Amino acid sequence: MDKNNVYPAGIERKIGFNIVRRMIAEQCVSPLGAAHVEAIAWQTDYDVIGRLLGETDEMVKIISSDSPLQLSDIVDPSPWLTPARVPGSFIEPHDLGQLRRSMATAAEIARFFEVDEGQASPYPYLFNVAAGIDSVPEVTRAINAVIDRNCEVKDNASPELRDIRSQLSQLSGRISSAIRRVVATGIREGYLDPDTTPSVRDGRLVIPVAPMNKRRLTGIVHDESASGKTYYIEPAEVVELNNRQRELEIEERREIVRILTALTDIIRPHIATLMDTYRCLGVFDFINAKAKFAVNVRGAKPTLSRKAGFDWYSARHPVLQLSLERQGRPIVPLNIDLHGPDRRILVISGPNAGGKSVALKTVGIVQYMLQCGILPTLNDNSVMCVMDGIFADIGDDQSIEDDLSTYSSHLRNMKHFLFNGGRRTLMLIDEFGSGTEPQIGGAIAQALLTRFNSLGMWGVITTHYQNLKTMAENTPGLVNGSMLYDRNKMQPLFTLSMGHPGSSFAIEIARKTGLPSEVISDAEAIVGSDYVNLDKYLLDIARDKRYWENKRHQIKLREKHLEQVIERYENDADTLRSSRRALIEDARKQAEEIIAGSNATIERTIHDIRRAQADREATQEARRRLAAEREALANNTVSDDNPLLKKAPKRKKSKPAQQPEPQQKKELAAGMNVLLDGAGQVGTITDIQGKKATVTFGAMKMTVATDRLVPTIRKAQSGAKAASFVSSSTSDDIRQRQLSFKPEIDVRGMRADEALQAVTYFMDDAIQFNAGRVRILHGTGTGALRQAIRQYLGTLSAVRTFRDEDVRFGGAGITIADL
């Protein structure tokens with residue numbers, strides 16, 4: 001870890017990462033994984049960080065799946081595999097059992113990540129890690145042939161061992177029989193107690209005897225009790241048998257060593273492969289530990305950006321989160337929004353114990369976790385970047401040995417920041433400028449902040465100095481932030497609000513702690529009322545700024561809604577115009593067909609008259625038929641086979657027959673049903689102005705010339721198909737009220753009945769115009785007006801909830817209602 005990139009050396013302790021490291025180590029199942037945890041370090045390579053995060057994220061998915069990967073029996077093989085490299089050496093049976101179990105785990109991991117040829121793995125990062133695993137099945141087979149499940153050498157490992165153990169078994173039975181006979185004789189003769197049982201001393205069976213009777217039992221004394229009241233004697237009857245047993249045990253051990261040496265000779269060529277496999281198992285153990293920690297703290301993989309910037313949602317300090325969860329208390333997350341070049345350094349102000357230092361450490365540990373390959377504690381829709389370095393000036397680094405005071409240690413840190421900071425350096429400074437005389441301390445802090453800003457550094461700074469708040473408000477690259485405080489309840493909210501400075505609430509906190517009012521009054525008199533009210537003015541300005549920002553946002557939303565409405569209306573108008581053109585085209589075609597049919601009917605009539613040689617009765621009959629067909633056409637009661645609807649047959653050019661004069665047209669009037677140029681749909685005249693008439697065809701209203709309308713006895717559509725319309729004046733009035741409607745009403749100063757009437761009309765409009773949220777300004781006063789209005793709101797089914805406004809924007813003097 002480069003000390004120029006990560007400063008100071010104790011930064012992990014300052015931000016709490018040392019506790020995170022310990023928590024991850026506790027999740028490891030082997031020393032190999034724990035060794036990787038100890039080696040965690042700050043990374044600056046974008047691809048390496050992406051790989052580490054990807055591995056952990058994939059392991060989190062596996063842990064959360066229905067068939068998680070089981071990791072167990074992972075040990076450090078160095079103490080017994082490394083000596084086994086020497087020819088003639090051997091591995092003990094217990095270690096061989098561990099090796100066998102570890103290789104079984106390795107084989108299980110390899111099978112878990114195995115995919116068919118040509119297919120992609122669902123876990124590409126872990127697939128690459130698993131590619132280094134070789135379970136060496138021939139080693140497992142060789143161990144199984146020699147070692148049983150209890151990690152003992154099998155009897156059939158060799159014929160010699162089987163024969164030796166058979167002799168030992170028989171000899172053990174003979175020794176037990178001889179001992180039982182000796183004990184039975186001693187009990188019968190009275191020099192052994194009835195409950196005497198044999199013991200083992202130096203691997204040989206002996207009998208406990210009282211000192212007064214030790215001469216009565218012939219044999220070898222092997223031991224004496226600490227009190228001297230018991231002697232342990234090996235009877236003479238079993239001495240030779242025990243000697244033979246010891247010889248066989250030596251032969252057994254010699255044969256076991258020979259067998260284990262031969263087995264180790266088989267394993268020795270694969271030791272390098274086995275060590276590589278164990279290293280991969282250690283990596284899996286390490287990744288699994290990080291994944292378990294991520295599940296516990298709800299860590300997530302953010303979007304990793306190569307561009308510097310902070311777009312964090314619900315960032316949390318993992319240590320604080322787990323501590324609060326154990327107490328059953330929720331943690332208040334932070335949202336951080338820093339983007340260059342205008343928003344790079346966040347200057348946080350606010351009351352003491354309001355959460356400024358916690359916010360600072362949260363930023364530090366979340367970024368540190370990211371660049372150590374640990375899933376950070378924030379939402380997965382966050383965007384994070386890779387920084388080149390991280391500097392911290394948190395807490396007191398005074399040193400007697402180095403002759404450093406508190407302020408001197410701060411200045412030493414600032415010097416390092418100046419000489420080593422750059423455009424991708426994250427700095428964390430707590431209580432910037434403190435530790436010395438406030439005026440000069442604030443001036444030095446402002447000068448340093450100017451330099452940090454010119455270097456293009458990124459960072460989070462906490463302070464109480466007013467000059468730094470003012471500088472952040474007016475300097476590009478800096479942005480104010482505040483930890484919110486409930487002025488009514490006099491308690492911190494631990495919520496970070498970006499964009500405006502916070503107040504220290506020194507007077508209020510002093511009053512809450514119980515300082516004498518005379519002391520507080522003297523303090524106010526010393527600094528002056530303007531200075532005391534400065535924080536209040538800042539809060540008022542911030543509140544007004546927030547209010548107008550919300551107003552601008554609402555206006556943008558309304559403009560967007562209006563644009564959508566206009567676009568929808570334009571689309572509807574285009575559709576209507578297209579429908580109108582289609583209707584006119586259909587009417588024109590029908591008219592052409594009717595005219596063609598009429599010409600054919602006229603020609604047939606003339607032909608009939610000529611054929612009858614102008615006979616009066618025949619002529620009159622032809623005219624009657626023509627008039628009847630014309631009337632049927634006018635009434636739209638003609639059948640499909642009517643000759644008027646049939647096209648005239650093609651014939652040679654000739655002088656067109658003279659058509660009879662049309663009958664006198666019926667006078668049009670409002671309410672009359674008409675057809676447009678002979679079209680099939682019946683409309684109703686709603687108004688006539690001169691030669692123009694307004695006609696309603698279903699849901700469409702048209703203004704057409706009266707000479708294009710033909711009266712008809714057919715009825716217009718009614719019932720479900722009929723369209724109903726609001727008068728244009730009423731529609732225009734409603735539209736104008738909607739455009740001028742504001743989601744806020746001020747009834748301060750009104751009597752209760754006047755206020756309720758005004759609120760009633762206001763809520764009617766709000767509900768009609770689909771307002772999502774409204775504000776009712778009624779003031780605090782006695783509370784009667786507030787109570788009356790809220791009782792009325794409680795009777796409205798359209799009101800979902802109502803509550804006090806935020807304390808920064810009016811509090812109990814304003815009621816917010818969600819519809």
# chains A, B, ... in the order shown; residues from 1 in each chain; ligands from 1

call {"tool": "select_by_dssp", "arguments": {"residues": "region 262-350 of chain A", "states": "strand (DSSP E)", "output": "MDAnalysis selection string"}}
result
chainID A and resid 303:305 310:315 334:338 343:349

call {"tool": "write_last_selection", "arguments": {"atoms": "N, CA and C atoms", "output": "JSON list (two decimals), in the first residue's frame"}}
result
[["chain", "number", "residue", "atom", "x", "y", "z"],
["A", 303, "THR", "N", -22.70, 0.34, -10.20],
["A", 303, "THR", "CA", -22.14, 0.56, -11.54],
["A", 303, "THR", "C", -20.79, 1.24, -11.39],
["A", 304, "LEU", "N", -19.77, 0.65, -11.98],
["A", 304, "LEU", "CA", -18.41, 1.17, -11.85],
["A", 304, "LEU", "C", -18.11, 2.07, -13.05],
["A", 305, "SER", "N", -17.80, 3.33, -12.79],
["A", 305, "SER", "CA", -17.57, 4.31, -13.86],
["A", 305, "SER", "C", -16.10, 4.71, -13.88],
["A", 310, "PHE", "N", -19.57, 10.89, -7.83],
["A", 310, "PHE", "CA", -20.24, 10.14, -6.78],
["A", 310, "PHE", "C", -21.75, 10.29, -6.99],
["A", 311, "ASP", "N", -22.40, 9.18, -7.26],
["A", 311, "ASP", "CA", -23.85, 9.16, -7.41],
["A", 311, "ASP", "C", -24.35, 7.99, -6.56],
["A", 312, "TRP", "N", -24.41, 8.24, -5.24],
["A", 312, "TRP", "CA", -24.66, 7.17, -4.27],
["A", 312, "TRP", "C", -26.09, 7.27, -3.74],
["A", 313, "TYR", "N", -26.70, 6.10, -3.55],
["A", 313, "TYR", "CA", -28.03, 6.06, -2.97],
["A", 313, "TYR", "C", -28.02, 5.10, -1.78],
["A", 314, "SER", "N", -28.53, 5.59, -0.66],
["A", 314, "SER", "CA", -28.66, 4.78, 0.58],
["A", 314, "SER", "C", -27.31, 4.21, 1.02],
["A", 315, "ALA", "N", -26.29, 5.07, 1.06],
["A", 315, "ALA", "CA", -24.99, 4.63, 1.57],
["A", 315, "ALA", "C", -25.06, 4.50, 3.09],
["A", 334, "LEU", "N", -27.40, 7.69, 3.57],
["A", 334, "LEU", "CA", -26.97, 8.94, 2.95],
["A", 334, "LEU", "C", -27.09, 8.84, 1.43],
["A", 335, "ASN", "N", -27.48, 9.92, 0.81],
["A", 335, "ASN", "CA", -27.44, 10.06, -0.64],
["A", 335, "ASN", "C", -26.39, 11.10, -0.98],
["A", 336, "ILE", "N", -25.40, 10.72, -1.77],
["A", 336, "ILE", "CA", -24.29, 11.61, -2.12],
["A", 336, "ILE", "C", -24.33, 11.86, -3.62],
["A", 337, "ASP", "N", -24.29, 13.12, -4.00],
["A", 337, "ASP", "CA", -24.33, 13.50, -5.42],
["A", 337, "ASP", "C", -23.24, 14.52, -5.67],
["A", 338, "LEU", "N", -22.08, 14.06, -6.14],
["A", 338, "LEU", "CA", -20.95, 14.95, -6.47],
["A", 338, "LEU", "C", -20.52, 14.66, -7.90],
["A", 343, "ARG", "N", -19.28, 20.38, -8.63],
["A", 343, "ARG", "CA", -19.64, 19.76, -7.34],
["A", 343, "ARG", "C", -18.63, 18.64, -7.06],
["A", 344, "ARG", "N", -17.52, 19.00, -6.43],
["A", 344, "ARG", "CA", -16.49, 18.00, -6.15],
["A", 344, "ARG", "C", -16.21, 17.87, -4.65],
["A", 345, "ILE", "N", -16.31, 18.96, -3.91],
["A", 345, "ILE", "CA", -15.99, 18.94, -2.48],
["A", 345, "ILE", "C", -17.25, 19.33, -1.71],
["A", 346, "LEU", "N", -17.70, 18.42, -0.86],
["A", 346, "LEU", "CA", -18.89, 18.63, -0.06],
["A", 346, "LEU", "C", -18.50, 19.16, 1.32],
["A", 347, "VAL", "N", -19.02, 20.35, 1.66],
["A", 347, "VAL", "CA", -18.75, 20.99, 2.95],
["A", 347, "VAL", "C", -19.98, 20.78, 3.82],
["A", 348, "ILE", "N", -19.88, 19.88, 4.81],
["A", 348, "ILE", "CA", -21.03, 19.55, 5.67],
["A", 348, "ILE", "C", -20.97, 20.36, 6.95],
["A", 349, "SER", "N", -22.07, 21.00, 7.27],
["A", 349, "SER", "CA", -22.20, 21.73, 8.53],
["A", 349, "SER", "C", -23.45, 21.27, 9.24]]

call {"tool": "select_by_dssp", "arguments": {"residues": "region 105-283 of chain A", "states": "helix (DSSP H, G or I)", "output": "PyMOL selection string"}}
result
chain A and resi 105-112+124-130+137-146+155-157+159-189+211-216+236-283

call {"tool": "closest_residue", "arguments": {"among": "A:Glu563, A:Asp586, A:Glu38, A:Glu431", "to": "Thr406 (chain A)", "atoms": "only C-alpha atoms"}}
result
A:Glu431

call {"tool": "closest_residue", "arguments": {"among": "A:Gly779, A:Pro211, A:Gly350, A:Gly132", "to": "Ala106 (chain A)", "atoms": "only C-alpha atoms"}}
result
A:Gly132

call {"tool": "residues_around", "arguments": {"residues": "Ala289 (chain A)", "least_positions_apart": "5", "cutoff": "10 Å", "atoms": "only C-alpha atoms", "output": "short mmCIF file (atom, residue, chain, number, x, y, z; two decimals) with N, CA and C atoms, in the first residue's frame"}}
result
data_model
loop_
_atom_site.label_atom_id
_atom_site.label_comp_id
_atom_site.auth_asym_id
_atom_site.auth_seq_id
_atom_site.Cartn_x
_atom_site.Cartn_y
_atom_site.Cartn_z
N MET A 23 -14.48 -8.80 10.71
CA MET A 23 -15.76 -9.49 10.48
C MET A 23 -15.65 -10.46 9.29
N ILE A 24 -14.95 -10.05 8.25
CA ILE A 24 -14.78 -10.93 7.09
C ILE A 24 -13.91 -12.13 7.46
N ALA A 25 -12.86 -11.90 8.25
CA ALA A 25 -11.98 -13.00 8.66
C ALA A 25 -12.75 -14.03 9.48
N GLU A 26 -13.72 -13.57 10.27
CA GLU A 26 -14.51 -14.51 11.08
C GLU A 26 -15.39 -15.41 10.22
N GLN A 27 -15.66 -15.01 8.98
CA GLN A 27 -16.47 -15.83 8.08
C GLN A 27 -15.65 -16.89 7.35
N CYS A 28 -14.32 -16.84 7.45
CA CYS A 28 -13.48 -17.80 6.75
C CYS A 28 -13.50 -19.14 7.47
N VAL A 29 -13.36 -20.22 6.71
CA VAL A 29 -13.35 -21.57 7.29
C VAL A 29 -11.94 -22.16 7.31
N GLY A 33 -8.02 -18.77 3.72
CA GLY A 33 -8.91 -17.64 3.47
C GLY A 33 -8.60 -16.47 4.37
N ALA A 34 -8.31 -16.74 5.65
CA ALA A 34 -7.99 -15.67 6.58
C ALA A 34 -6.72 -14.92 6.16
N VAL A 37 -7.66 -12.36 3.72
CA VAL A 37 -8.31 -11.22 4.37
C VAL A 37 -7.26 -10.26 4.92
N THR A 56 -17.25 -11.54 -5.97
CA THR A 56 -18.06 -11.52 -4.75
C THR A 56 -19.54 -11.47 -5.07
N MET A 59 -20.74 -14.86 -5.99
CA MET A 59 -20.85 -15.74 -4.82
C MET A 59 -22.08 -15.39 -3.99
N VAL A 60 -22.45 -14.12 -3.92
CA VAL A 60 -23.68 -13.73 -3.22
C VAL A 60 -24.89 -14.38 -3.88
N VAL A 283 -8.70 -19.00 -2.09
CA VAL A 283 -9.36 -17.87 -2.75
C VAL A 283 -10.87 -18.03 -2.67
N PHE A 284 -11.37 -19.24 -2.88
CA PHE A 284 -12.82 -19.47 -2.77
C PHE A 284 -13.30 -19.21 -1.35
N ALA A 294 -21.25 -9.50 2.83
CA ALA A 294 -22.12 -8.64 2.00
C ALA A 294 -23.59 -8.96 2.25
N VAL A 295 -23.91 -10.23 2.42
CA VAL A 295 -25.31 -10.59 2.70
C VAL A 295 -25.73 -10.03 4.05
#

call {"tool": "residues_around", "arguments": {"residues": "Pro269 (chain A)", "least_positions_apart": "3", "cutoff": "12 Å", "atoms": "only C-alpha atoms", "output": "list in words"}}
result
Leu81, Ala84, Arg85, Val86, Pro87, Val136, Glu138, Val139, Leu263, Thr264, Asp265, Ile266, Ala272, Thr273, Leu274 and Met275 of chain A

call {"tool": "write_last_selection", "arguments": {"atoms": "N, CA and C atoms", "output": "PDB file, in the first residue's frame"}}
result
ATOM      1  N   LEU A  81       2.803 -30.932   3.524  1.00  0.00           N
ATOM      2  CA  LEU A  81       3.123 -31.159   2.112  1.00  0.00           C
ATOM      3  C   LEU A  81       4.533 -30.685   1.771  1.00  0.00           C
ATOM      4  N   ALA A  84       7.109 -33.210   2.697  1.00  0.00           N
ATOM      5  CA  ALA A  84       6.943 -34.423   1.895  1.00  0.00           C
ATOM      6  C   ALA A  84       7.669 -34.343   0.564  1.00  0.00           C
ATOM      7  N   ARG A  85       8.174 -33.181   0.216  1.00  0.00           N
ATOM      8  CA  ARG A  85       8.937 -33.071  -1.032  1.00  0.00           C
ATOM      9  C   ARG A  85      10.266 -33.834  -0.936  1.00  0.00           C
ATOM     10  N   VAL A  86      10.756 -34.076   0.296  1.00  0.00           N
ATOM     11  CA  VAL A  86      12.033 -34.759   0.493  1.00  0.00           C
ATOM     12  C   VAL A  86      11.835 -36.265   0.303  1.00  0.00           C
ATOM     13  N   PRO A  87      12.606 -36.932  -0.575  1.00  0.00           N
ATOM     14  CA  PRO A  87      12.472 -38.383  -0.766  1.00  0.00           C
ATOM     15  C   PRO A  87      12.719 -39.127   0.543  1.00  0.00           C
ATOM     16  N   VAL A 136      -6.842 -33.975  -8.576  1.00  0.00           N
ATOM     17  CA  VAL A 136      -5.882 -35.082  -8.681  1.00  0.00           C
ATOM     18  C   VAL A 136      -6.534 -36.386  -8.200  1.00  0.00           C
ATOM     19  N   GLU A 138      -6.112 -39.445  -8.917  1.00  0.00           N
ATOM     20  CA  GLU A 138      -5.239 -40.593  -8.652  1.00  0.00           C
ATOM     21  C   GLU A 138      -4.674 -40.545  -7.230  1.00  0.00           C
ATOM     22  N   VAL A 139      -4.481 -39.322  -6.695  1.00  0.00           N
ATOM     23  CA  VAL A 139      -4.021 -39.205  -5.311  1.00  0.00           C
ATOM     24  C   VAL A 139      -5.112 -39.662  -4.352  1.00  0.00           C
ATOM     25  N   LEU A 263       3.193 -44.608  -0.149  1.00  0.00           N
ATOM     26  CA  LEU A 263       2.064 -43.764  -0.560  1.00  0.00           C
ATOM     27  C   LEU A 263       2.528 -42.337  -0.834  1.00  0.00           C
ATOM     28  N   THR A 264       3.416 -41.823   0.004  1.00  0.00           N
ATOM     29  CA  THR A 264       3.937 -40.469  -0.194  1.00  0.00           C
ATOM     30  C   THR A 264       4.732 -40.390  -1.487  1.00  0.00           C
ATOM     31  N   ASP A 265       5.421 -41.479  -1.859  1.00  0.00           N
ATOM     32  CA  ASP A 265       6.145 -41.492  -3.140  1.00  0.00           C
ATOM     33  C   ASP A 265       5.169 -41.315  -4.311  1.00  0.00           C
ATOM     34  N   ILE A 266       3.951 -41.838  -4.155  1.00  0.00           N
ATOM     35  CA  ILE A 266       2.941 -41.669  -5.215  1.00  0.00           C
ATOM     36  C   ILE A 266       2.449 -40.216  -5.249  1.00  0.00           C
ATOM     37  N   ALA A 272       3.099 -30.004  -6.302  1.00  0.00           N
ATOM     38  CA  ALA A 272       2.945 -28.645  -6.859  1.00  0.00           C
ATOM     39  C   ALA A 272       1.499 -28.400  -7.297  1.00  0.00           C
ATOM     40  N   THR A 273       0.894 -29.401  -7.958  1.00  0.00           N
ATOM     41  CA  THR A 273      -0.508 -29.261  -8.374  1.00  0.00           C
ATOM     42  C   THR A 273      -1.426 -29.143  -7.170  1.00  0.00           C
ATOM     43  N   LEU A 274      -1.142 -29.949  -6.137  1.00  0.00           N
ATOM     44  CA  LEU A 274      -1.960 -29.893  -4.929  1.00  0.00           C
ATOM     45  C   LEU A 274      -1.851 -28.528  -4.254  1.00  0.00           C
ATOM     46  N   MET A 275      -0.674 -27.959  -4.215  1.00  0.00           N
ATOM     47  CA  MET A 275      -0.490 -26.639  -3.600  1.00  0.00           C
ATOM     48  C   MET A 275      -1.257 -25.574  -4.374  1.00  0.00           C
TER      49      MET A 275
END

call {"tool": "atom_distance", "arguments": {"atom1": "CA of Phe90 (chain A)", "atom2": "CA of Glu108 (chain A)"}}
result
27.1 Å

call {"tool": "residues_around", "arguments": {"residues": "Val146 (chain A)", "least_positions_apart": "3", "cutoff": "10 Å", "atoms": "only C-alpha atoms", "output": "list in words"}}
result
Pro93, Leu96, Arg141, Ala142, Ile143, Cys151, Glu152, Val153, Lys154, Asp155, Asn156, Ala157, Ser158, Ile256, Ile259, Leu260 and Leu263 of chain A

call {"tool": "closest_atom_pairs", "arguments": {"of": "region 394-504 of chain A", "to": "region 807-819 of chain A", "cutoff": "12 Å", "atoms": "only C-alpha atoms", "output": "Markdown table"}}
result
| residue | atom | partner | partner_atom | distance |
| --- | --- | --- | --- | --- |
| A:Leu484 | CA | A:Arg808 | CA | 9.2 |
| A:Tyr485 | CA | A:Val807 | CA | 9.0 |
| A:Asp486 | CA | A:Val807 | CA | 6.8 |
| A:Arg487 | CA | A:Val807 | CA | 7.2 |
| A:Asn488 | CA | A:Val807 | CA | 7.5 |
| A:Lys489 | CA | A:Val807 | CA | 10.0 |
| A:Met490 | CA | A:Val807 | CA | 11.2 |
| A:Leu493 | CA | A:Val807 | CA | 11.5 |
| A:Ser497 | CA | A:Arg808 | CA | 11.8 |
| A:Gly502 | CA | A:Arg808 | CA | 11.3 |
| A:Ser503 | CA | A:Arg808 | CA | 11.8 |
